[in-house]
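These notes are about the structure you will find just below.
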Amino acid sequence: MTYVIQEPCVGVKDTACVEVCPVDCIYETDPREDTNMLPMFIHNEECIDCGACEPECPVDAIRVEDEAEDRWLQINILLSEEQDINGGV
Ligand code: SF4
Ligand code: SF4
C-alpha cells in the first residue's frame, strides 16, 4: 500500500505534504516543459503509509492507494521508478 498524489496538486505544489512526511518520500519532478502538468509524487516503495500527508493538502490531492484513481497511482509509480533509475525525474 502507498499514498498517491493526484491532479489537484498540479499548479499548487506548495510542499505542505513534504514538511510532514517522516521518511521524506514525497518528491517534485524537475521543472522541465514536459513535467509542468505533473503533480508532486509519492515514492510507492518508500512510503510507510502513516497518513500524515493526507490532511495537510490544501486541495485534497492525496489519497490512499485503494481510493486513488488508477491513472494517478500508475503515474506516481512510474515517477518513482524514474527517480530510482536517474536519481531524479
Ligand atoms: S503516508 Fe506518510 S510516509 Fe507516505 S507519503 Fe504520506 S507522510 Fe510520507
Ligand atoms: S500538499 Fe497537496 S498541493 Fe501541496 S505539494 Fe502536497 S500534494 Fe501538492
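By convention in this document, the chains of the C-alpha cells carry letters A, B, ... by their order, each chain's residues are numbered from 1, and ligands are numbered from 1 in the order they are shown.
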Using only C-alpha atoms and all ligand atoms, find each residue of chain A with at least one atom at most 10 Å away from an atom of ligand 2; report its shortest atom-to-atom pair and that distance in Å (one decimal), sort the rows by chain and rising residue number, and return the result as CSV.
residue,atom,partner,partner_atom_place_in_ligand_line,distance
A:Val4,CA,ligand 2,7 (S),8.5
A:Ile5,CA,ligand 2,7 (S),5.4
A:Gln6,CA,ligand 2,7 (S),7.3
A:Glu7,CA,ligand 2,8 (Fe),8.7
A:Pro8,CA,ligand 2,3 (S),6.7
A:Cys9,CA,ligand 2,8 (Fe),3.9
A:Val10,CA,ligand 2,8 (Fe),6.8
A:Gly11,CA,ligand 2,3 (S),7.9
A:Val12,CA,ligand 2,3 (S),5.0
A:Lys13,CA,ligand 2,5 (S),3.7
A:Asp14,CA,ligand 2,4 (Fe),4.2
A:Thr15,CA,ligand 2,5 (S),3.8
A:Ala16,CA,ligand 2,1 (S),4.3
A:Cys17,CA,ligand 2,1 (S),4.2
A:Val18,CA,ligand 2,6 (Fe),6.4
A:Glu19,CA,ligand 2,1 (S),8.8
A:Val20,CA,ligand 2,1 (S),9.5
A:Ile26,CA,ligand 2,6 (Fe),7.9
A:Tyr27,CA,ligand 2,5 (S),8.8
A:Glu28,CA,ligand 2,5 (S),8.2
A:Pro39,CA,ligand 2,8 (Fe),6.4
A:Met40,CA,ligand 2,8 (Fe),5.6
A:Phe41,CA,ligand 2,7 (S),7.6
A:Ile42,CA,ligand 2,7 (S),8.9
A:Cys53,CA,ligand 2,1 (S),7.0
A:Glu54,CA,ligand 2,1 (S),7.7
A:Pro55,CA,ligand 2,1 (S),8.4
A:Glu56,CA,ligand 2,1 (S),5.7
A:Cys57,CA,ligand 2,1 (S),3.5
A:Pro58,CA,ligand 2,2 (Fe),5.8
A:Val59,CA,ligand 2,3 (S),5.7
A:Asp60,CA,ligand 2,2 (Fe),6.4
A:Ala61,CA,ligand 2,7 (S),5.3
A:Ile62,CA,ligand 2,7 (S),5.7
A:Arg63,CA,ligand 2,7 (S),9.4
Next item on the list: All residues within 6 Å of ligand 1 are required, counting only C-alpha atoms and all ligand atoms; please report them as number ranges by chain.
Entry: A: 3, 20-23, 25-26, 42, 47-53
Filtering to N, CA and C atoms, could you give me those residues as a PDB file, in the first residue's frame?
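File produced: out_22.pdb:
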ATOM      1  N   TYR A   3       0.459   5.869  -0.552  1.00  0.00           N
ATOM      2  CA  TYR A   3      -0.395   7.020  -0.811  1.00  0.00           C
ATOM      3  C   TYR A   3      -0.037   7.584  -2.175  1.00  0.00           C
ATOM      4  N   VAL A  20       5.658  17.300   6.391  1.00  0.00           N
ATOM      5  CA  VAL A  20       5.229  16.390   7.457  1.00  0.00           C
ATOM      6  C   VAL A  20       5.618  14.934   7.215  1.00  0.00           C
ATOM      7  N   CYS A  21       6.142  14.619   6.049  1.00  0.00           N
ATOM      8  CA  CYS A  21       6.452  13.213   5.758  1.00  0.00           C
ATOM      9  C   CYS A  21       7.673  12.757   6.565  1.00  0.00           C
ATOM     10  N   PRO A  22       7.499  11.734   7.417  1.00  0.00           N
ATOM     11  CA  PRO A  22       8.591  11.325   8.290  1.00  0.00           C
ATOM     12  C   PRO A  22       9.725  10.601   7.571  1.00  0.00           C
ATOM     13  N   VAL A  23       9.490  10.134   6.351  1.00  0.00           N
ATOM     14  CA  VAL A  23      10.541   9.398   5.632  1.00  0.00           C
ATOM     15  C   VAL A  23      10.990  10.112   4.354  1.00  0.00           C
ATOM     16  N   CYS A  25       9.622  10.910   1.481  1.00  0.00           N
ATOM     17  CA  CYS A  25       9.393  10.146   0.244  1.00  0.00           C
ATOM     18  C   CYS A  25       8.472  10.873  -0.742  1.00  0.00           C
ATOM     19  N   ILE A  26       8.290  12.188  -0.550  1.00  0.00           N
ATOM     20  CA  ILE A  26       7.477  12.974  -1.486  1.00  0.00           C
ATOM     21  C   ILE A  26       8.416  13.864  -2.282  1.00  0.00           C
ATOM     22  N   ILE A  42       4.539  10.601  -4.722  1.00  0.00           N
ATOM     23  CA  ILE A  42       4.951   9.832  -3.543  1.00  0.00           C
ATOM     24  C   ILE A  42       5.640   8.566  -4.026  1.00  0.00           C
ATOM     25  N   CYS A  47       7.135   4.989   0.878  1.00  0.00           N
ATOM     26  CA  CYS A  47       6.025   5.422   1.730  1.00  0.00           C
ATOM     27  C   CYS A  47       5.705   4.348   2.770  1.00  0.00           C
ATOM     28  N   ILE A  48       5.555   4.776   4.036  1.00  0.00           N
ATOM     29  CA  ILE A  48       5.263   3.829   5.121  1.00  0.00           C
ATOM     30  C   ILE A  48       3.783   3.881   5.544  1.00  0.00           C
ATOM     31  N   ASP A  49       2.962   4.530   4.731  1.00  0.00           N
ATOM     32  CA  ASP A  49       1.501   4.537   4.959  1.00  0.00           C
ATOM     33  C   ASP A  49       1.101   5.161   6.294  1.00  0.00           C
ATOM     34  N   CYS A  50       1.815   6.179   6.716  1.00  0.00           N
ATOM     35  CA  CYS A  50       1.467   6.775   8.010  1.00  0.00           C
ATOM     36  C   CYS A  50       0.246   7.673   7.909  1.00  0.00           C
ATOM     37  N   GLY A  51      -0.032   8.201   6.710  1.00  0.00           N
ATOM     38  CA  GLY A  51      -1.208   9.042   6.511  1.00  0.00           C
ATOM     39  C   GLY A  51      -1.042  10.492   6.938  1.00  0.00           C
ATOM     40  N   ALA A  52       0.133  10.888   7.379  1.00  0.00           N
ATOM     41  CA  ALA A  52       0.332  12.252   7.876  1.00  0.00           C
ATOM     42  C   ALA A  52       0.133  13.306   6.789  1.00  0.00           C
ATOM     43  N   CYS A  53       0.457  12.969   5.562  1.00  0.00           N
ATOM     44  CA  CYS A  53       0.391  13.955   4.478  1.00  0.00           C
ATOM     45  C   CYS A  53      -1.036  14.288   4.059  1.00  0.00           C
TER      46      CYS A  53
END
Next item on the list: Determine, counting only C-alpha atoms, which protein, DNA and RNA residues have an atom within 9 Å of an atom of Glu45 of chain A; residues of the same chain fewer than 6 positions away are not included. Present the result as a PyMOL selection string.
Entry: chain A and resi 1-2+25+77+80
Margin query: as a PyMOL selection string, please: every residue in chain A that a backbone DSSP assignment puts in alpha helix (DSSP H).
Written below: chain A and resi 16-20+70-86
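Atom pair atom CA of Asn76 of chain A / atom CA of Thr29 of chain A has a distance of 10.7 Å (rounded to one decimal).
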